[in-house]
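Just structure28.txt here, compact mmCIF, C-alpha atoms:
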# COMPACT_ATOMS: atom_id res chain seq x y z
CA MET A 32 -34.08 -4.36 -7.73
CA PRO A 33 -34.54 -1.95 -10.61
CA ALA A 34 -31.58 -1.19 -12.79
CA ARG A 35 -29.77 1.89 -11.62
CA PRO A 36 -29.75 4.87 -13.92
CA ARG A 37 -26.50 5.42 -15.76
CA HIS A 38 -24.81 8.70 -14.96
CA SER A 39 -23.78 10.31 -18.14
CA SER A 40 -20.34 11.77 -17.62
CA ASP A 41 -19.52 12.53 -21.21
CA HIS A 42 -20.01 16.24 -20.65
CA SER A 43 -17.52 16.65 -17.80
CA SER A 44 -13.78 16.59 -18.30
CA PRO A 45 -11.71 13.75 -16.80
CA ALA A 46 -9.75 16.25 -14.67
CA VAL A 47 -12.94 17.54 -13.05
CA GLN A 48 -14.24 14.02 -12.65
CA THR A 49 -11.08 12.58 -11.13
CA GLY A 50 -10.96 15.34 -8.50
CA GLU A 51 -14.43 14.36 -7.42
CA TRP A 52 -13.61 10.66 -7.73
CA GLY A 53 -10.63 11.12 -5.42
CA THR A 54 -12.94 12.60 -2.77
CA LEU A 55 -15.43 9.77 -3.27
CA MET A 56 -12.68 7.16 -2.94
CA ALA A 57 -11.34 8.79 0.23
CA THR A 58 -14.86 8.63 1.64
CA ALA A 59 -15.23 5.02 0.50
CA GLN A 60 -11.96 4.11 2.24
CA GLU A 61 -13.69 5.15 5.47
CA GLY A 62 -16.49 2.66 4.77
CA HIS A 63 -19.14 4.86 3.10
CA GLY A 64 -21.00 2.44 0.82
CA GLY A 65 -23.13 5.10 -0.88
CA ALA A 66 -20.14 7.11 -2.02
CA TYR A 67 -18.46 3.92 -3.16
CA GLN A 68 -21.46 2.80 -5.20
CA ARG A 69 -21.61 6.20 -6.90
CA LEU A 70 -17.89 6.10 -7.57
CA LEU A 71 -17.94 2.60 -9.07
CA THR A 72 -20.96 3.46 -11.20
CA GLU A 73 -19.20 6.50 -12.67
CA LEU A 74 -15.95 4.56 -13.05
CA SER A 75 -17.69 1.75 -14.90
CA ASP A 76 -18.95 4.24 -17.49
CA TRP A 77 -15.45 5.62 -17.91
CA LEU A 78 -13.96 2.13 -18.09
CA VAL A 79 -16.44 1.03 -20.74
CA ARG A 80 -15.29 3.89 -22.95
CA TYR A 81 -11.64 3.21 -22.10
CA PHE A 82 -11.80 -0.48 -23.07
CA GLN A 83 -14.08 0.04 -26.07
CA ARG A 84 -11.22 1.95 -27.67
CA ARG A 85 -8.72 -0.78 -26.91
CA LEU A 86 -10.33 -4.22 -26.91
CA PRO A 87 -12.67 -6.31 -29.02
CA VAL A 88 -16.24 -5.58 -27.95
CA GLY A 89 -16.67 -9.10 -26.57
CA ASP A 90 -13.91 -8.50 -24.03
CA VAL A 91 -15.02 -5.07 -22.79
CA ASP A 92 -17.41 -6.23 -20.06
CA ASP A 93 -14.88 -8.69 -18.67
CA ALA A 94 -12.19 -6.02 -18.61
CA VAL A 95 -14.48 -3.50 -16.90
CA GLN A 96 -15.49 -5.98 -14.22
CA GLU A 97 -11.92 -7.17 -13.68
CA THR A 98 -10.84 -3.55 -13.27
CA LEU A 99 -13.64 -2.79 -10.81
CA LEU A 100 -12.62 -5.84 -8.79
CA ALA A 101 -8.98 -4.72 -8.83
CA ILE A 102 -10.00 -1.23 -7.70
CA HIS A 103 -12.03 -2.80 -4.89
CA ARG A 104 -9.25 -5.14 -3.76
CA ARG A 105 -6.58 -2.44 -3.90
CA ARG A 106 -8.57 0.58 -2.75
CA HIS A 107 -6.38 0.90 0.34
CA THR A 108 -3.43 1.81 -1.91
CA TYR A 109 -5.03 5.05 -3.09
CA ASP A 110 -3.48 8.04 -1.33
CA PRO A 111 -6.08 10.87 -1.15
CA ARG A 112 -3.28 13.46 -1.22
CA LEU A 113 -2.50 12.39 -4.78
CA PRO A 114 -4.68 12.75 -7.90
CA PHE A 115 -7.06 9.89 -8.56
CA GLY A 116 -6.72 9.91 -12.36
CA PRO A 117 -3.22 8.43 -12.66
CA TRP A 118 -4.05 5.79 -10.01
CA LEU A 119 -7.15 4.71 -11.94
CA ALA A 120 -5.48 4.88 -15.36
CA ALA A 121 -2.54 2.76 -14.20
CA ILE A 122 -4.87 0.02 -12.93
CA ALA A 123 -6.98 0.16 -16.10
CA LYS A 124 -3.86 -0.06 -18.24
CA ARG A 125 -2.61 -3.07 -16.24
CA LYS A 126 -5.95 -4.77 -16.84
CA TRP A 127 -5.74 -3.93 -20.55
CA ILE A 128 -2.33 -5.63 -20.68
CA ASP A 129 -3.69 -8.65 -18.77
CA GLN A 130 -6.57 -8.87 -21.22
CA LEU A 131 -4.16 -8.75 -24.19
CA ARG A 132 -2.12 -11.51 -22.56
CA SER A 133 -5.22 -13.65 -22.10
CA MET A 134 -6.10 -13.07 -25.76
CA GLY A 135 -2.72 -14.54 -26.57
CA ARG A 136 -3.42 -17.63 -24.48
CA GLN A 137 -6.91 -18.24 -25.87
CA GLN A 138 -7.20 -20.95 -28.45
CA SER A 139 -8.54 -19.52 -31.69
CA GLU A 140 -11.27 -21.83 -32.91
CA GLU A 141 -12.66 -21.68 -36.39
CA LEU A 142 -16.25 -20.40 -36.46
CA PRO A 143 -18.92 -22.43 -38.27
CA ALA A 144 -19.70 -21.12 -41.74
CA ASP A 145 -23.44 -20.78 -41.01
CA ILE A 146 -23.06 -18.66 -37.90
CA PRO A 147 -25.94 -16.14 -38.06
CA VAL A 148 -24.08 -13.04 -36.88
CA GLY A 149 -21.03 -11.59 -38.55
CA ASP A 150 -17.89 -10.72 -36.66
CA HIS A 151 -17.81 -6.99 -35.92
CA GLU A 152 -14.95 -6.98 -33.47
CA ALA A 153 -12.46 -5.45 -35.82
CA ALA A 154 -14.87 -2.64 -36.58
CA VAL A 155 -15.02 -1.47 -32.98
CA MET A 156 -11.29 -1.48 -32.36
CA SER A 157 -9.80 1.95 -32.13
CA ALA A 158 -8.10 2.57 -35.44
CA THR A 159 -5.55 4.98 -34.01
CA VAL A 160 -4.57 3.00 -30.92
CA LEU A 161 -4.40 -0.31 -32.70
CA ALA A 162 -2.66 1.00 -35.80
CA SER A 163 0.04 2.71 -33.76
CA LEU A 164 0.60 -0.45 -31.73
CA LEU A 165 0.64 -2.78 -34.71
CA ASP A 166 3.11 -0.48 -36.47
CA GLU A 167 5.68 -1.66 -33.95
CA LEU A 168 5.39 -5.29 -35.09
CA ARG A 169 6.77 -7.19 -38.03
CA PRO A 170 4.38 -7.42 -41.00
CA ALA A 171 3.96 -11.18 -40.59
CA GLN A 172 3.01 -10.72 -36.94
CA VAL A 173 0.53 -7.95 -37.82
CA GLN A 174 -1.11 -10.12 -40.47
CA ALA A 175 -1.39 -13.16 -38.18
CA ILE A 176 -2.80 -11.18 -35.24
CA THR A 177 -5.21 -9.21 -37.40
CA MET A 178 -6.59 -12.29 -39.14
CA VAL A 179 -6.77 -14.71 -36.20
CA LYS A 180 -7.35 -12.51 -33.17
CA LEU A 181 -9.36 -9.66 -34.66
CA GLN A 182 -11.10 -11.04 -37.73
CA GLY A 183 -11.82 -14.56 -36.46
CA TYR A 184 -10.01 -16.52 -39.17
CA SER A 185 -8.44 -19.83 -38.24
CA VAL A 186 -4.71 -20.49 -38.18
CA GLU A 187 -5.21 -22.75 -41.21
CA ASP A 188 -6.73 -19.82 -43.13
CA VAL A 189 -3.63 -17.75 -42.41
CA VAL A 190 -1.45 -20.68 -43.49
CA ARG A 191 -3.28 -20.78 -46.81
CA VAL A 192 -3.00 -17.01 -47.32
CA THR A 193 0.59 -16.55 -46.26
CA GLY A 194 2.16 -19.87 -47.17
CA LEU A 195 3.77 -20.08 -43.72
CA SER A 196 3.58 -23.20 -41.57
CA ALA A 197 0.95 -23.39 -38.81
CA SER A 198 3.62 -23.30 -36.12
CA ALA A 199 5.16 -20.20 -37.70
CA VAL A 200 1.76 -18.46 -37.69
CA LYS A 201 1.17 -19.39 -34.05
CA MET A 202 4.67 -18.19 -33.18
CA ASN A 203 4.00 -14.89 -34.97
CA ILE A 204 0.80 -14.42 -32.96
CA HIS A 205 2.46 -15.34 -29.68
CA ARG A 206 5.51 -13.16 -30.22
CA GLY A 207 3.46 -10.29 -31.62
CA LEU A 208 1.14 -10.21 -28.61
CA ALA A 209 4.09 -10.53 -26.25
CA ARG A 210 5.75 -7.60 -28.01
CA LEU A 211 2.54 -5.55 -27.74
CA THR A 212 2.32 -6.14 -24.00
CA ASP A 213 5.99 -5.24 -23.63
CA ILE A 214 5.40 -1.98 -25.51
CA LEU A 215 2.40 -1.15 -23.34
CA GLU A 216 4.29 -1.91 -20.15
CA LYS A 217 7.11 0.37 -21.18
CA THR A 218 4.94 3.35 -22.06
CA ASP A 219 4.27 5.88 -19.33
CA ASP A 220 1.31 7.61 -20.96
CA LEU A 221 -1.68 7.60 -18.68
CA ASP A 222 -5.03 8.15 -20.30
CA MET B 143 -29.72 -4.95 -14.35
CA THR B 144 -26.44 -5.82 -16.02
CA SER B 145 -23.84 -8.04 -14.43
CA THR B 146 -21.64 -4.95 -13.90
CA ASP B 147 -24.47 -3.23 -12.00
CA ALA B 148 -24.88 -6.32 -9.84
CA LEU B 149 -21.15 -6.43 -9.21
CA ILE B 150 -21.14 -2.77 -8.11
CA LEU B 151 -24.01 -3.40 -5.72
CA ASP B 152 -22.18 -6.42 -4.28
CA LEU B 153 -18.94 -4.52 -3.85
CA SER B 154 -20.52 -1.47 -2.21
CA ALA B 155 -22.81 -3.43 0.14
CA ASP B 156 -21.51 -3.68 3.73
CA LEU B 157 -18.37 -1.78 2.78
CA ALA B 158 -15.81 -1.95 5.57
CA PRO B 159 -13.29 0.84 6.24
CA VAL B 160 -9.77 0.05 5.05
CA GLN B 161 -6.47 0.99 6.58
CA ARG B 162 -4.63 3.08 4.03
CA ARG B 163 -1.26 1.83 2.91
CA SER B 164 1.62 3.61 4.63
CA VAL B 165 5.06 3.74 3.03
CA LEU B 166 6.61 4.67 6.37
CA ARG B 167 5.05 1.66 8.08
CA GLU B 168 6.35 -0.64 5.35
CA ALA B 169 9.84 0.88 5.53
CA ALA B 170 9.80 0.44 9.31
CA VAL B 171 8.98 -3.28 8.88
CA LEU B 172 12.00 -3.72 6.59
CA VAL B 173 14.36 -1.81 8.87
CA ALA B 174 13.15 -3.79 11.90
CA LEU B 175 13.72 -7.08 10.07
CA ALA B 176 17.23 -6.05 9.03
CA VAL B 177 18.05 -4.99 12.60
CA VAL B 178 16.81 -8.34 13.95
CA GLU B 179 19.06 -10.19 11.47
CA LEU B 180 22.02 -8.05 12.50
CA ILE B 181 21.35 -8.66 16.19
CA LEU B 182 21.14 -12.42 15.54
CA ILE B 183 24.49 -12.35 13.70
CA VAL B 184 26.18 -10.39 16.46
CA GLY B 185 24.52 -12.59 19.09
CA ALA B 186 25.77 -15.73 17.34
CA GLY B 187 29.32 -14.39 17.46
CA ALA B 188 29.65 -14.31 13.68
CA MET B 189 30.83 -10.70 13.48
CA ARG B 190 34.36 -10.27 12.13
CA PRO B 191 36.72 -10.09 15.13
CA ASP B 192 38.58 -6.98 14.01
CA MET B 193 35.46 -4.92 13.37
CA GLY B 194 36.38 -2.51 16.17
CA GLN B 195 39.67 -1.66 14.44
CA VAL B 196 38.51 -1.58 10.81
CA ILE B 197 35.13 0.08 11.13
CA LEU B 198 36.61 3.56 10.75
CA SER B 199 39.05 2.62 7.99
CA PRO B 200 38.41 4.35 4.63
CA PHE B 201 37.70 1.01 2.97
CA MET B 202 35.09 -0.07 5.51
CA LEU B 203 33.47 3.36 5.60
CA TRP B 204 33.17 3.34 1.81
CA LYS B 205 31.96 -0.27 1.71
CA MET B 206 29.31 0.22 4.40
CA GLY B 207 28.41 3.72 3.22
CA SER B 208 27.86 2.52 -0.34
CA LEU B 209 25.76 -0.42 0.79
CA VAL B 210 23.68 1.75 3.15
CA LEU B 211 23.04 4.13 0.25
CA LEU B 212 22.21 1.29 -2.17
CA ALA B 213 19.98 -0.48 0.36
CA GLY B 214 18.13 2.76 1.12
CA VAL B 215 17.67 3.63 -2.54
CA THR B 216 16.55 0.15 -3.62
CA CYS B 217 14.15 -0.27 -0.67
CA THR B 218 12.62 3.13 -1.49
CA ILE B 219 12.28 2.17 -5.15
CA ALA B 220 10.66 -1.16 -4.25
CA VAL B 221 8.19 0.21 -1.71
CA ARG B 222 7.27 3.18 -3.91
CA SER B 223 6.60 0.87 -6.85
CA PHE B 224 3.86 -0.95 -4.94
CA ALA B 225 1.17 1.66 -5.59
CA PRO B 226 -0.13 2.96 -8.91
CA PRO B 227 0.99 4.74 -10.98
CA ALA B 228 4.60 4.55 -9.74
CA SER B 229 7.17 3.02 -12.04
CA SER B 230 10.49 1.70 -10.78
CA ARG B 231 12.26 1.83 -14.14
CA ARG B 232 14.13 5.11 -13.58
CA GLY B 233 14.84 4.12 -10.00
CA LEU B 234 16.37 0.83 -11.14
CA MET B 235 18.61 2.70 -13.57
CA LEU B 236 19.66 5.02 -10.75
CA ALA B 237 20.43 2.02 -8.53
CA LEU B 238 22.53 0.49 -11.30
CA ALA B 239 24.46 3.75 -11.75
CA LEU B 240 25.02 3.98 -7.99
CA ALA B 241 26.25 0.38 -7.87
CA ILE B 242 28.75 1.07 -10.65
CA LEU B 243 29.92 4.24 -8.89
CA ALA B 244 30.28 2.32 -5.64
CA ILE B 245 32.39 -0.38 -7.28
CA VAL B 246 34.59 2.22 -8.97
CA GLY B 247 34.86 4.05 -5.66
CA TRP B 248 36.00 0.92 -3.85
CA VAL B 249 38.76 0.48 -6.41
CA PHE B 250 40.06 4.01 -5.75
CA VAL B 251 39.76 3.75 -1.97
CA THR B 252 42.07 0.72 -1.80
CA LEU B 253 44.17 1.35 -4.89
CA GLY B 254 47.37 -0.65 -4.75
CA ALA B 255 46.51 -2.42 -1.51
CA ASP B 256 46.47 -5.92 -3.02
CA SER B 257 48.75 -5.44 -6.00
CA GLY B 258 51.17 -8.18 -4.93
CA ARG B 259 48.63 -11.01 -4.99
CA SER B 260 47.55 -13.18 -7.89
CA LEU B 261 44.07 -12.86 -9.36
CA LEU B 262 43.04 -16.25 -7.96
CA GLU B 263 44.24 -15.28 -4.49
CA ARG B 264 42.39 -12.00 -4.68
CA LEU B 265 39.16 -13.65 -5.82
CA SER B 266 39.41 -16.53 -3.33
CA PRO B 267 36.64 -18.52 -5.06
CA VAL B 268 35.85 -20.91 -2.19
CA HIS B 269 35.34 -18.10 0.29
CA GLY B 270 33.63 -16.05 -2.39
CA MET B 271 30.99 -18.70 -3.01
CA LEU B 272 30.31 -18.78 0.72
CA CYS B 273 29.95 -14.99 0.73
CA ALA B 274 27.49 -15.02 -2.19
CA THR B 275 25.52 -17.81 -0.50
CA ALA B 276 25.47 -15.95 2.83
CA ILE B 277 24.17 -12.79 1.12
CA THR B 278 21.45 -14.86 -0.55
CA VAL B 279 20.43 -16.48 2.74
CA LEU B 280 20.40 -13.16 4.60
CA ALA B 281 18.29 -11.62 1.84
CA MET B 282 15.58 -14.29 2.05
CA PRO B 283 13.62 -12.95 5.07
CA LEU B 284 13.65 -9.46 3.57
CA MET B 285 12.57 -10.80 0.20
CA ALA B 286 9.71 -12.67 1.87
CA ALA B 287 8.64 -9.48 3.67
CA LEU B 288 8.82 -7.48 0.44
CA ALA B 289 6.85 -10.19 -1.38
CA ILE B 290 4.08 -9.96 1.22
CA LEU B 291 4.04 -6.16 1.00
CA MET B 292 3.99 -6.33 -2.78
CA ARG B 293 1.08 -8.78 -2.88
CA ARG B 294 -0.94 -6.68 -0.43
CA ALA B 295 -0.35 -3.55 -2.52
CA ALA B 296 -1.03 -2.79 -6.17
CA PRO B 297 2.12 -2.81 -8.29
CA VAL B 298 1.02 -2.10 -11.83
CA ARG B 299 4.38 -3.27 -13.20
CA PRO B 300 4.86 -6.44 -11.16
CA ARG B 301 8.00 -7.58 -12.99
CA GLU B 302 9.81 -4.32 -12.32
CA SER B 303 8.57 -4.26 -8.74
CA ALA B 304 9.78 -7.83 -8.27
CA LEU B 305 13.22 -6.91 -9.57
CA ALA B 306 13.32 -3.88 -7.26
CA CYS B 307 12.32 -6.14 -4.34
CA GLY B 308 15.13 -8.56 -5.19
CA LEU B 309 17.72 -5.78 -5.37
CA ALA B 310 16.44 -4.23 -2.13
CA ALA B 311 16.53 -7.54 -0.26
CA ALA B 312 19.96 -8.42 -1.67
CA THR B 313 21.60 -5.08 -0.89
CA CYS B 314 20.19 -5.22 2.65
CA GLY B 315 21.52 -8.79 2.91
CA ALA B 316 24.92 -7.63 1.66
CA LEU B 317 24.94 -4.74 4.13
CA ILE B 318 24.20 -7.08 7.04
CA PHE B 319 26.86 -9.48 5.77
CA THR B 320 29.55 -6.79 5.96
CA ALA B 321 29.44 -7.34 9.73
CA CYS B 322 30.86 -10.86 9.18
CA CYS B 323 32.84 -10.63 5.94
CA PRO B 324 36.61 -10.50 6.61
CA MET B 325 37.55 -9.69 3.00
CA ASN B 326 38.79 -6.22 2.11
CA ASP B 327 39.71 -6.59 -1.56
CA PRO B 328 37.54 -4.41 -3.84
CA LEU B 329 37.81 -6.94 -6.66
CA TYR B 330 36.55 -9.67 -4.36
CA ILE B 331 33.68 -7.45 -3.18
CA ALA B 332 32.79 -6.39 -6.72
CA VAL B 333 32.67 -9.97 -7.99
CA TRP B 334 31.13 -11.97 -5.16
CA TYR B 335 28.81 -9.36 -3.68
CA SER B 336 27.54 -8.58 -7.19
CA LEU B 337 27.01 -12.29 -7.79
CA GLY B 338 25.04 -12.67 -4.55
CA VAL B 339 22.93 -9.59 -5.31
CA ALA B 340 22.31 -10.72 -8.90
CA ALA B 341 21.26 -14.20 -7.75
CA VAL B 342 18.67 -12.78 -5.36
CA ALA B 343 17.44 -10.24 -7.92
CA ILE B 344 16.97 -12.94 -10.58
CA MET B 345 15.19 -15.18 -8.08
CA ALA B 346 12.84 -12.36 -7.06
CA ARG B 347 12.18 -11.35 -10.66
CA TRP B 348 11.24 -14.95 -11.46
CA LEU B 349 9.31 -15.85 -8.30
CA LEU B 350 7.46 -12.77 -7.12
CA PRO B 351 5.27 -11.98 -10.16
CA ARG B 352 4.04 -15.59 -10.35
CA ARG B 353 0.34 -15.92 -9.68
CA PHE B 354 0.23 -12.22 -8.88
CA ARG B 355 -3.13 -10.73 -9.77
CA LEU B 356 -3.92 -7.07 -9.37
Now, as a test, write the supplied structure out as structure tokens.
Amino acid sequence: MPARPRHSSDHSSPAVQTGEWGTLMATAQEGHGGAYQRLLTELSDWLVRYFQRRLPVGDVDDAVQETLLAIHRRRHTYDPRLPFGPWLAAIAKRKWIDQLRSMGRQQSEELPADIPVGDHEAAVMSATVLASLLDELRPAQVQAITMVKLQGYSVEDVVRVTGLSASAVKMNIHRGLARLTDILEKTDDLD
Amino acid sequence: MTSTDALILDLSADLAPVQRRSVLREAAVLVALAVVELILIVGAGAMRPDMGQVILSPFMLWKMGSLVLLAGVTCTIAVRSFAPPASSRRGLMLALALAILAIVGWVFVTLGADSGRSLLERLSPVHGMLCATAITVLAMPLMAALAILMRRAAPVRPRESALACGLAAATCGALIFTACCPMNDPLYIAVWYSLGVAAVAIMARWLLPRRFRL
């Protein structure tokens, strides 16, 4: 099957889109596959942009697909009398938090020195979102998370730079990510 | 075709209609379950023998009225929190404020009634432990029902929803238990009922979010 064309939705405002998306979802709840496919296609574009501003580029596809699956599994919880935007944004935010949590659980392995491609993950992180979140953490936590989780350094590298023990660095990463997820869970802003 | 495109095609193929979630239907399930528990208690002859005389006393009216209000508020908070983007945080604060007001109210309603008894007599720890245990046991079916409803819905803050579920189940359990509980001391109620409710809430907060995946 040929690849479907991507609908560019950059030109329409989210408010206009979400009104239409609400109608599409209501139709999809009645079993209309065509409306649902159109809805998911447009949502995936929106979700790609949403996660590109919040996650390392390598995690964006996973987050988009996880969110689409969550939307599919929980589509019966959307009430067509209510706006679609907050419903979607709340699910996307939950998936963002889950993705941050899974980053915290992932083992950070040192990359081989002769790896042919450089690490560009830090470059694609949203400076504003990330900076405002990291501002809430202790400097040692910020340094450990930035080096290990965003820049790909090993824990041993951070030990050498900071002079802390390996367990202290790991604890800083763990507590810092836990604090970030707590902050996100407590904020009510819906993108 | 990207893997996301393939996923979208998979998800939209043979799409079946879904029954929309209904808050009223879920509330009706909880009320029905609580009524069944109450009927079983009355049927088993466990209702306090003097209920006919005390039911209209100021103390009993305040005790049952407060618990009806708390059960209604906490159940509403729990069920509402099951769908995005609802948050139960403000609701939980409201429930806490109501609980404090209820406890303070109980003290005023029966002021001076038990002033001649010692603290240990008023607290009656052996009976109190039984009360807290009974509230916990009576809350279990409601907590199970709320857990099922929560897992079938989409709580975006599962920890808060779980806590709301625990409080809802516990206050319903406490309300049902008032049919059996012979104790009228506000201090006793404040201590042991709060302990029973807290135990269920902690249990729910710990158990319900486990393995939950949106």
What are the nearest atom pairs, with distances in Å to one decimal, for all residues of chain A that come at most 8 Å from chain B, using only C-alpha atoms, set out by chain and rising residue number as a Markdown table?
| residue | atom | partner | partner_atom | distance |
| --- | --- | --- | --- | --- |
| A:Met32 | CA | B:Met143 | CA | 7.9 |
| A:Pro33 | CA | B:Met143 | CA | 6.8 |
| A:Ala34 | CA | B:Met143 | CA | 4.5 |
| A:Arg35 | CA | B:Met143 | CA | 7.4 |
| A:Ala59 | CA | B:Pro159 | CA | 7.4 |
| A:Gln60 | CA | B:Pro159 | CA | 5.3 |
| A:Glu61 | CA | B:Pro159 | CA | 4.4 |
| A:Gly62 | CA | B:Pro159 | CA | 4.0 |
| A:His63 | CA | B:Leu157 | CA | 6.7 |
| A:Gly64 | CA | B:Ser154 | CA | 5.0 |
| A:Gly65 | CA | B:Ser154 | CA | 7.2 |
| A:Tyr67 | CA | B:Ser154 | CA | 5.8 |
| A:Gln68 | CA | B:Ser154 | CA | 5.3 |
| A:Leu71 | CA | B:Ile150 | CA | 6.3 |
| A:Thr72 | CA | B:Ile150 | CA | 7.0 |
| A:Ser75 | CA | B:Thr146 | CA | 7.8 |
| A:Asp92 | CA | B:Thr146 | CA | 7.6 |
| A:Val95 | CA | B:Thr146 | CA | 7.9 |
| A:Gln96 | CA | B:Thr146 | CA | 6.2 |
| A:Leu99 | CA | B:Ile150 | CA | 8.0 |
| A:Ala101 | CA | B:Leu356 | CA | 5.6 |
| A:His103 | CA | B:Leu153 | CA | 7.2 |
| A:Arg104 | CA | B:Leu356 | CA | 8.0 |
| A:Arg105 | CA | B:Ala296 | CA | 6.0 |
| A:Arg106 | CA | B:Val160 | CA | 7.9 |
| A:His107 | CA | B:Arg162 | CA | 4.6 |
| A:Thr108 | CA | B:Arg163 | CA | 5.3 |
| A:Tyr109 | CA | B:Arg162 | CA | 7.4 |
| A:Asp110 | CA | B:Arg162 | CA | 7.4 |
| A:Pro117 | CA | B:Pro227 | CA | 5.8 |
| A:Trp118 | CA | B:Pro226 | CA | 5.0 |
| A:Leu119 | CA | B:Pro226 | CA | 7.8 |
| A:Ala120 | CA | B:Pro227 | CA | 7.8 |
| A:Ala121 | CA | B:Pro227 | CA | 5.2 |
| A:Ile122 | CA | B:Val298 | CA | 6.4 |
| A:Arg125 | CA | B:Val298 | CA | 5.8 |
| A:Glu216 | CA | B:Arg299 | CA | 7.1 |
Figure out the distance between atom CA of B:Ser230 and atom CA of B:Ile242, please, to one decimal in Å. 18.3 Å
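Atom to atom, atom CA of A:Val160 and atom CA of A:Leu181 stand 14.0 Å apart.
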Which value, in Å to one decimal, gives the distance between atom CA of A:Leu74 and atom CA of A:Lys217? 24.8 Å
Quick one: everything within 10 Å of B:Ser208, counting all atoms listed in the file, minus sequence neighbours fewer than 2 positions away in the same chain. Send it as a ChimeraX atom specification. /B:202-206,210-214,240-241,243-245,247-248,313,317
Pick from B:Val184, B:Cys307, B:Ala274, B:Leu284, whichever lies nearest to B:Ala343 using only C-alpha atoms: B:Cys307
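Shortest separation to A:Arg80 among A:Leu113, A:Ile204, A:Ala123, A:Ile102 occurs at residue A:Ala123, atoms counted being all atoms listed in the file.
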Taking 5 positions as the minimum chain separation for residues in the same chain, which residues sit within 7 Å of B:Leu265 when counting all atoms listed in the file? Answer as a list of chain:residue names.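 What passes the distance filter is B:Gly270, B:Leu329, B:Tyr330.
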Which one of B:Ile331, B:Ala311, B:Val178, B:Val268 sits closest to B:Met282 if you count all atoms listed in the file? B:Ala311
At a cut-off of 7 Å, using all atoms listed in the file, what residues contact A:Ala94? Leave out same-chain residues fewer than 3 positions from it and give the result as a PyMOL selection string. chain A and resi 90-91+97-98+126+130
Which one of A:Gly183, A:Pro114, A:Gly194, A:Pro170 sits closest to A:Gly207 if you count all atoms listed in the file?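 Checking each of A:Gly183, A:Pro114, A:Gly194, A:Pro170 against A:Gly207, counting all atoms listed in the file, the winner is A:Pro170.
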Residues within 12 Å of B:Pro324, please, as a list of chain:residue names. Count all atoms listed in the file; anything in the same chain fewer than 5 positions from it doesn't count.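 The residues that qualify are B:Ala188, B:Met189, B:Arg190, B:Pro191, B:Asp192, B:Met193, B:Val196, B:Ile197, B:Met202, B:Ser266, B:His269, B:Gly270, B:Leu272, B:Cys273, B:Phe319, B:Tyr330, B:Ile331.
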Quick one: of B:Val171, B:Ala332, B:Ala276, B:Leu261, who's nearest to B:Ile290, counting only C-alpha atoms? B:Val171
Atom completion result for stretch 308-319 of chain B (N, CA and C atoms) as a PDB file, in the coordinates of the input:
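Output file result20.pdb is given in full below:
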ATOM      1  N   GLY B 308      13.939  -7.702  -5.242  1.00  0.00           N
ATOM      2  CA  GLY B 308      15.130  -8.560  -5.190  1.00  0.00           C
ATOM      3  C   GLY B 308      16.380  -7.753  -4.898  1.00  0.00           C
ATOM      4  N   LEU B 309      16.531  -6.620  -5.589  1.00  0.00           N
ATOM      5  CA  LEU B 309      17.720  -5.780  -5.370  1.00  0.00           C
ATOM      6  C   LEU B 309      17.713  -5.203  -3.956  1.00  0.00           C
ATOM      7  N   ALA B 310      16.529  -4.803  -3.482  1.00  0.00           N
ATOM      8  CA  ALA B 310      16.440  -4.230  -2.130  1.00  0.00           C
ATOM      9  C   ALA B 310      16.821  -5.282  -1.088  1.00  0.00           C
ATOM     10  N   ALA B 311      16.232  -6.469  -1.220  1.00  0.00           N
ATOM     11  CA  ALA B 311      16.530  -7.540  -0.260  1.00  0.00           C
ATOM     12  C   ALA B 311      18.006  -7.912  -0.314  1.00  0.00           C
ATOM     13  N   ALA B 312      18.559  -7.992  -1.514  1.00  0.00           N
ATOM     14  CA  ALA B 312      19.960  -8.420  -1.670  1.00  0.00           C
ATOM     15  C   ALA B 312      20.932  -7.377  -1.131  1.00  0.00           C
ATOM     16  N   THR B 313      20.674  -6.102  -1.400  1.00  0.00           N
ATOM     17  CA  THR B 313      21.600  -5.080  -0.890  1.00  0.00           C
ATOM     18  C   THR B 313      21.509  -4.988   0.629  1.00  0.00           C
ATOM     19  N   CYS B 314      20.306  -5.176   1.176  1.00  0.00           N
ATOM     20  CA  CYS B 314      20.190  -5.220   2.650  1.00  0.00           C
ATOM     21  C   CYS B 314      20.953  -6.431   3.184  1.00  0.00           C
ATOM     22  N   GLY B 315      20.796  -7.580   2.503  1.00  0.00           N
ATOM     23  CA  GLY B 315      21.520  -8.790   2.910  1.00  0.00           C
ATOM     24  C   GLY B 315      23.027  -8.568   2.863  1.00  0.00           C
ATOM     25  N   ALA B 316      23.490  -7.906   1.804  1.00  0.00           N
ATOM     26  CA  ALA B 316      24.920  -7.630   1.660  1.00  0.00           C
ATOM     27  C   ALA B 316      25.408  -6.681   2.755  1.00  0.00           C
ATOM     28  N   LEU B 317      24.571  -5.695   3.070  1.00  0.00           N
ATOM     29  CA  LEU B 317      24.940  -4.740   4.130  1.00  0.00           C
ATOM     30  C   LEU B 317      25.074  -5.461   5.479  1.00  0.00           C
ATOM     31  N   ILE B 318      24.131  -6.325   5.784  1.00  0.00           N
ATOM     32  CA  ILE B 318      24.200  -7.080   7.040  1.00  0.00           C
ATOM     33  C   ILE B 318      25.436  -7.976   7.041  1.00  0.00           C
ATOM     34  N   PHE B 319      25.730  -8.541   5.871  1.00  0.00           N
ATOM     35  CA  PHE B 319      26.860  -9.480   5.770  1.00  0.00           C
ATOM     36  C   PHE B 319      28.204  -8.784   5.978  1.00  0.00           C
TER      37      PHE B 319
END
